[in-house]
$ cat coords12.pdb   # PDB, C-alpha atoms
ATOM      1  CA  MET A 930       4.476  24.206 -43.619
ATOM      2  CA  ASP A 931       3.216  27.621 -42.496
ATOM      3  CA  ILE A 932       5.253  29.317 -39.724
ATOM      4  CA  HIS A 933       2.056  30.620 -38.110
ATOM      5  CA  LEU A 934       0.754  27.071 -37.768
ATOM      6  CA  ILE A 935       4.042  25.959 -36.186
ATOM      7  CA  ASP A 936       3.960  28.951 -33.806
ATOM      8  CA  GLU A 937       0.386  28.131 -32.794
ATOM      9  CA  PHE A 938       1.337  24.492 -32.141
ATOM     10  CA  ARG A 939       4.326  25.601 -30.034
ATOM     11  CA  ARG A 940       2.205  28.118 -28.099
ATOM     12  CA  ARG A 941      -0.368  25.479 -27.184
ATOM     13  CA  THR A 942       2.010  22.600 -26.430
ATOM     14  CA  ASN A 943       5.299  24.239 -25.395
ATOM     15  CA  ALA A 944       7.087  22.013 -27.921
ATOM     16  CA  SER A 945      10.233  22.742 -29.885
ATOM     17  CA  TYR A 946      10.171  23.889 -33.514
ATOM     18  CA  ASP A 947      11.402  20.498 -34.631
ATOM     19  CA  GLU A 948       8.643  18.652 -32.738
ATOM     20  CA  ALA A 949       6.006  21.057 -34.026
ATOM     21  CA  ARG A 950       7.169  20.586 -37.621
ATOM     22  CA  MET A 951       7.309  16.789 -37.235
ATOM     23  CA  TYR A 952       3.770  16.456 -35.785
ATOM     24  CA  LEU A 953       2.239  18.894 -38.261
ATOM     25  CA  GLU A 954       3.869  17.099 -41.179
ATOM     26  CA  ARG A 955       2.698  13.733 -39.863
ATOM     27  CA  PHE A 956      -0.915  14.972 -39.756
ATOM     28  CA  ASN A 957      -0.756  17.044 -42.967
ATOM     29  CA  GLY A 958      -1.131  20.394 -41.220
ATOM     30  CA  ASP A 959      -4.153  19.390 -39.081
ATOM     31  CA  LEU A 960      -3.411  21.336 -35.889
ATOM     32  CA  LEU A 961      -5.950  19.571 -33.674
ATOM     33  CA  GLU A 962      -4.847  16.048 -34.633
ATOM     34  CA  ALA A 963      -1.185  16.994 -34.204
ATOM     35  CA  ILE A 964      -1.806  18.420 -30.711
ATOM     36  CA  ILE A 965      -3.790  15.338 -29.661
ATOM     37  CA  ALA A 966      -1.043  13.001 -30.899
ATOM     38  CA  PHE A 967       1.606  15.114 -29.172
ATOM     39  CA  GLU A 968      -0.247  14.974 -25.835
ATOM     40  CA  ARG A 969      -0.863  11.239 -26.092
ATOM     41  CA  GLU A 970       2.783  10.481 -26.741
ATOM     42  CA  ARG A 971       4.161  12.989 -24.238
ATOM     43  CA  THR A 972       1.875  12.432 -21.251
ATOM     44  CA  GLY A 973       1.466   8.670 -21.428
ATOM     45  CA  TYR A 974      -2.186   9.030 -22.379
ATOM     46  CA  ARG A 975      -4.267   5.963 -21.540
ATOM     47  CA  ALA A 976      -7.607   5.038 -22.977
ATOM     48  CA  GLN A 977     -10.391   5.626 -20.511
ATOM     49  CA  GLY A 978     -11.298   1.938 -20.516
ATOM     50  CA  ASN A 979      -7.894   1.016 -19.079
ATOM     51  CA  PRO A 980      -7.347   2.878 -15.808
ATOM     52  CA  PRO A 981      -3.855   2.750 -14.350
ATOM     53  CA  PRO A 982      -3.316  -0.139 -11.950
ATOM     54  CA  ARG A 983      -4.091   0.747  -8.349
ATOM     55  CA  ARG A 984      -1.831  -0.319  -5.577
ATOM     56  CA  ASN A 985      -3.011  -0.531  -1.988
ATOM     57  CA  ASN A 986       0.345   0.077  -0.384
ATOM     58  CA  PHE A 987      -1.248   1.341   2.822
ATOM     59  CA  LEU A 988      -3.464  -1.722   3.179
ATOM     60  CA  ASN A 989      -0.591  -4.097   2.373
ATOM     61  CA  GLY A 990       1.596  -2.334   4.946
ATOM     62  CA  LEU A 991      -1.158  -2.576   7.550
ATOM     63  CA  ILE A 992      -1.559  -6.295   6.851
ATOM     64  CA  ARG A 993       2.206  -6.836   7.255
ATOM     65  CA  VAL A 994       2.268  -4.912  10.559
ATOM     66  CA  LEU A 995      -0.700  -6.862  11.952
ATOM     67  CA  GLN A 996       0.862 -10.152  10.857
ATOM     68  CA  ALA A 997       4.151  -9.192  12.535
ATOM     69  CA  LEU A 998       2.298  -8.274  15.743
ATOM     70  CA  LEU A 999       0.725 -11.711  15.716
ATOM     71  CA  ASP A1000       3.988 -13.520  14.869
ATOM     72  CA  ILE A1001       6.120 -11.892  17.577
ATOM     73  CA  LYS A1002       5.389 -13.497  20.914
ATOM     74  CA  LEU A1003       6.169 -12.444  24.471
ATOM     75  CA  VAL A1004       7.297 -15.602  26.215
ATOM     76  CA  VAL A1005       6.704 -15.615  29.967
ATOM     77  CA  THR A1006       8.551 -18.490  31.634
ATOM     78  CA  GLY A1007       7.632 -19.412  35.193
ATOM     79  CA  ARG A1008       9.751 -21.019  37.915
ATOM     80  CA  ASP A1009       8.413 -24.411  36.884
ATOM     81  CA  MET A1010       9.826 -23.779  33.357
ATOM     82  CA  LYS A1011       6.352 -23.641  31.848
ATOM     83  CA  ALA A1012       6.276 -21.087  29.028
ATOM     84  CA  TYR A1013       3.309 -18.944  28.136
ATOM     85  CA  LYS A1014       3.392 -17.420  24.652
ATOM     86  CA  ILE A1015       1.415 -14.205  24.325
ATOM     87  CA  PRO A1016       1.171 -12.468  20.938
ATOM     88  CA  ILE A1017       2.701  -9.013  21.234
ATOM     89  CA  ILE A1018      -0.524  -7.512  19.895
ATOM     90  CA  ILE A1019      -2.155  -8.131  23.312
ATOM     91  CA  PRO A1020       0.178  -5.781  25.240
ATOM     92  CA  VAL A1021      -0.072  -3.290  22.376
ATOM     93  CA  LEU A1022      -3.870  -3.291  22.647
ATOM     94  CA  LEU A1023      -3.605  -2.950  26.429
ATOM     95  CA  PHE A1024      -1.360   0.113  26.056
ATOM     96  CA  PRO A1025      -3.867   2.463  27.753
ATOM     97  CA  ILE A1026      -3.291   0.580  31.002
ATOM     98  CA  GLY A1027       0.438   0.313  30.331
ATOM     99  CA  HIS A1028       1.459   1.566  33.794
ATOM    100  CA  VAL A1029      -0.416  -1.362  35.344
ATOM    101  CA  LEU A1030       1.273  -3.802  32.945
ATOM    102  CA  VAL A1031       4.732  -2.436  33.815
ATOM    103  CA  ILE A1032       4.073  -2.791  37.551
ATOM    104  CA  LEU A1033       2.702  -6.309  36.995
ATOM    105  CA  ALA A1034       5.773  -7.245  34.918
ATOM    106  CA  ILE A1035       8.128  -5.959  37.654
ATOM    107  CA  ILE A1036       6.277  -7.946  40.322
ATOM    108  CA  MET A1037       6.363 -11.069  38.133
ATOM    109  CA  TRP A1038      10.094 -10.554  37.477
ATOM    110  CA  ILE A1039      10.756 -10.318  41.237
ATOM    111  CA  MET A1040       8.764 -13.516  41.731
ATOM    112  CA  GLY A1041      11.080 -15.358  39.332
ATOM    113  CA  PHE A1042       9.318 -15.125  36.001
ATOM    114  CA  ARG A1043      11.471 -14.519  32.906
ATOM    115  CA  PHE A1044      10.459 -12.596  29.825
ATOM    116  CA  SER A1045      11.722 -12.980  26.276
ATOM    117  CA  PHE A1046      10.559 -12.283  22.745
ATOM    118  CA  ILE A1047      10.526 -14.743  19.861
ATOM    119  CA  ARG A1048       9.278 -14.567  16.303
ATOM    120  CA  GLU A1049       7.206 -17.632  15.604
ATOM    121  CA  SER A1050       4.972 -17.747  12.551
ATOM    122  CA  ASP A1051       1.806 -19.754  12.883
ATOM    123  CA  PRO A1052       0.577 -21.029   9.509
ATOM    124  CA  ASN A1053      -2.972 -21.183  10.874
ATOM    125  CA  VAL A1054      -3.039 -17.435  11.612
ATOM    126  CA  SER A1055      -2.966 -15.374   8.413
ATOM    127  CA  VAL A1056      -4.144 -11.772   8.393
ATOM    128  CA  GLU A1057      -3.895 -11.692   4.610
ATOM    129  CA  ALA A1058      -6.324 -14.616   4.330
ATOM    130  CA  VAL A1059      -8.802 -12.841   6.623
ATOM    131  CA  PHE A1060      -8.618  -9.634   4.564
ATOM    132  CA  SER A1061      -8.929 -11.641   1.348
ATOM    133  CA  LYS A1062     -12.110 -13.342   2.588
ATOM    134  CA  LEU A1063     -13.459  -9.981   3.763
ATOM    135  CA  ARG A1064     -12.722  -8.428   0.351
ATOM    136  CA  ASP A1065     -14.506 -11.319  -1.384
ATOM    137  CA  LYS A1066     -17.585 -10.910   0.833
ATOM    138  CA  VAL A1067     -17.739  -7.170   0.165
ATOM    139  CA  ASN A1068     -17.374  -7.717  -3.597
ATOM    140  CA  GLU A1069     -20.106 -10.374  -3.484
ATOM    141  CA  ALA A1070     -22.442  -8.062  -1.565
ATOM    142  CA  GLY A1071     -21.688  -5.252  -4.023
ATOM    143  CA  ARG A1072     -22.653  -7.436  -6.980
ATOM    144  CA  LYS A1073     -26.033  -8.237  -5.424
ATOM    145  CA  TYR A1074     -27.036  -4.580  -5.305
TER
END
$ encode --input "coords12.pdb" --output "structure tokens"
Amino acid sequence: MDIHLIDEFRRRTNASYDEARMYLERFNGDLLEAIIAFERERTGYRAQGNPPPRRNNFLNGLIRVLQALLDIKLVVTGRDMKAYKIPIIIPVLLFPIGHVLVILAIIMWIMGFRFSFIRESDPNVSVEAVFSKLRDKVNEAGRKY
């Protein structure tokens, strides 16, 4: 093996002498093939037909937050012990008029209403199912065009 060939391999790949010698011997002194093999093995090269799996962590997190906002309920209990369950997403959406909601809650509390929070999952309300159906519709529309 020629030392100049090993030096050229090392200069282009930043490999050790031992790695350079091993790759050049494996490819019978073909510098280009040795460099390509080195890069494939070192960088986790993937064929272009197999892109790395994509993960929608942001979308999954958003779905979990929306589902939690629908599962957590504000329970308003009146003097007659009748309970009204309001998903916590409603007060969150009405945040811009929050000062009015706080004043209303204080007045209701003085009038004898009680407030509590519970987590109650409703199997009929699934944000993930809605997003799944929406994704299917978009994919179907994309296939048409």
$ resolve_selection --input "coords12.pdb" --expression "the PyMOL selection byres ((chain A and resi 993-1007) around 7)" --output "ChimeraX atom specification"
/A:989-992,1008-1018,1041-1051,1055-1056
$ residues_near_point --input "coords12.pdb" --point "(8.5, 22.6, -32.9)" --cutoff "12 Å" --atoms "all atoms listed in the file" --output "list in words"
Met930, Ile932, His933, Leu934, Ile935, Asp936, Glu937, Phe938, Arg939, Arg940, Arg941, Thr942, Asn943, Ala944, Ser945, Tyr946, Asp947, Glu948, Ala949, Arg950, Met951, Tyr952, Leu953, Glu954, Ala963, Ile964 and Phe967 of chain A
$ atom_distance --input "coords12.pdb" --atom1 "atom CA of Asp1065 of chain A" --atom2 "atom CA of Pro1052 of chain A"
21.0 Å
$ atom_distance --input "coords12.pdb" --atom1 "atom CA of Leu1022 of chain A" --atom2 "atom CA of Phe1060 of chain A"
19.7 Å
$ atom_distance --input "coords12.pdb" --atom1 "atom CA of Glu1057 of chain A" --atom2 "atom CA of Leu1023 of chain A"
23.5 Å
$ axis_aligned_box --input "coords12.pdb" --around "segment 962-972 of chain A" --padding-each-side "8 Å" --output "JSON"
{"center_x": -0.3, "center_y": 14.5, "center_z": -27.9, "size_x": 25.0, "size_y": 23.9, "size_z": 29.4}
$ decode --input "coords12.pdb" --residues "segment 943-1029 of chain A" --atoms "C-alpha atoms" --output "compact mmCIF listing (two decimals), in the first residue's frame"
# COMPACT_ATOMS: atom_id res chain seq x y z
CA ASN A 943 -9.99 12.48 8.78
CA ALA A 944 -9.53 8.77 9.50
CA SER A 945 -6.71 7.07 11.36
CA TYR A 946 -3.83 5.33 9.57
CA ASP A 947 -5.23 1.96 10.55
CA GLU A 948 -8.69 2.76 9.13
CA ALA A 949 -7.18 4.17 5.95
CA ARG A 950 -5.05 1.05 5.45
CA MET A 951 -8.01 -1.26 6.17
CA TYR A 952 -10.40 0.45 3.70
CA LEU A 953 -7.77 0.76 0.97
CA GLU A 954 -6.83 -2.90 1.33
CA ARG A 955 -10.49 -3.93 1.24
CA PHE A 956 -10.98 -2.08 -2.06
CA ASN A 957 -7.58 -2.97 -3.57
CA GLY A 958 -6.25 0.58 -3.51
CA ASP A 959 -9.33 2.19 -5.14
CA LEU A 960 -9.43 5.52 -3.29
CA LEU A 961 -12.93 6.54 -4.37
CA GLU A 962 -14.56 3.23 -3.42
CA ALA A 963 -12.75 3.20 -0.08
CA ILE A 964 -13.91 6.75 0.75
CA ILE A 965 -17.51 5.94 -0.20
CA ALA A 966 -17.50 2.79 1.95
CA PHE A 967 -15.94 4.72 4.84
CA GLU A 968 -18.62 7.43 4.68
CA ARG A 969 -21.45 4.91 4.43
CA GLU A 970 -20.28 3.00 7.48
CA ARG A 971 -19.34 6.06 9.53
CA THR A 972 -22.29 8.36 8.88
CA GLY A 973 -25.11 5.83 8.85
CA TYR A 974 -25.67 6.36 5.14
CA ARG A 975 -29.17 5.44 4.00
CA ALA A 976 -30.29 4.69 0.50
CA GLN A 977 -32.29 7.53 -0.96
CA GLY A 978 -35.34 5.30 -1.36
CA ASN A 979 -35.56 4.79 2.41
CA PRO A 980 -35.84 8.17 4.14
CA PRO A 981 -35.45 8.18 7.90
CA PRO A 982 -38.74 7.78 9.77
CA ARG A 983 -40.41 11.08 10.57
CA ARG A 984 -41.93 11.70 13.92
CA ASN A 985 -44.55 14.36 14.48
CA ASN A 986 -43.76 15.01 18.11
CA PHE A 987 -45.25 18.50 17.97
CA LEU A 988 -48.53 17.28 16.49
CA ASN A 989 -48.74 14.38 18.96
CA GLY A 990 -48.09 16.78 21.85
CA LEU A 991 -50.77 19.15 20.57
CA ILE A 992 -53.26 16.28 20.32
CA ARG A 993 -52.48 15.21 23.91
CA VAL A 994 -52.91 18.78 25.21
CA LEU A 995 -56.24 19.22 23.40
CA GLN A 996 -57.46 15.85 24.68
CA ALA A 997 -56.47 16.80 28.24
CA LEU A 998 -58.31 20.13 27.90
CA LEU A 999 -61.41 18.22 26.87
CA ASP A 1000 -61.04 15.57 29.61
CA ILE A 1001 -60.58 17.98 32.52
CA LYS A 1002 -63.92 19.42 33.52
CA LEU A 1003 -64.87 22.40 35.67
CA VAL A 1004 -67.76 21.20 37.80
CA VAL A 1005 -70.12 23.96 38.93
CA THR A 1006 -72.48 22.71 41.63
CA GLY A 1007 -75.52 24.81 42.48
CA ARG A 1008 -77.45 25.07 45.75
CA ASP A 1009 -79.86 22.44 44.48
CA MET A 1010 -76.87 20.04 44.11
CA LYS A 1011 -77.21 19.99 40.34
CA ALA A 1012 -73.76 19.75 38.74
CA TYR A 1013 -72.79 21.34 35.47
CA LYS A 1014 -69.67 19.92 33.83
CA ILE A 1015 -67.86 22.36 31.57
CA PRO A 1016 -64.75 21.23 29.66
CA ILE A 1017 -61.81 23.35 30.77
CA ILE A 1018 -61.15 24.26 27.14
CA ILE A 1019 -64.15 26.65 27.27
CA PRO A 1020 -62.65 28.96 29.93
CA VAL A 1021 -59.29 28.70 28.17
CA LEU A 1022 -60.86 29.88 24.91
CA LEU A 1023 -62.65 32.67 26.78
CA PHE A 1024 -59.35 33.87 28.27
CA PRO A 1025 -59.52 37.28 26.52
CA ILE A 1026 -62.53 38.13 28.68
CA GLY A 1027 -60.96 36.51 31.74
CA HIS A 1028 -61.62 39.49 34.04
CA VAL A 1029 -65.35 39.10 33.38
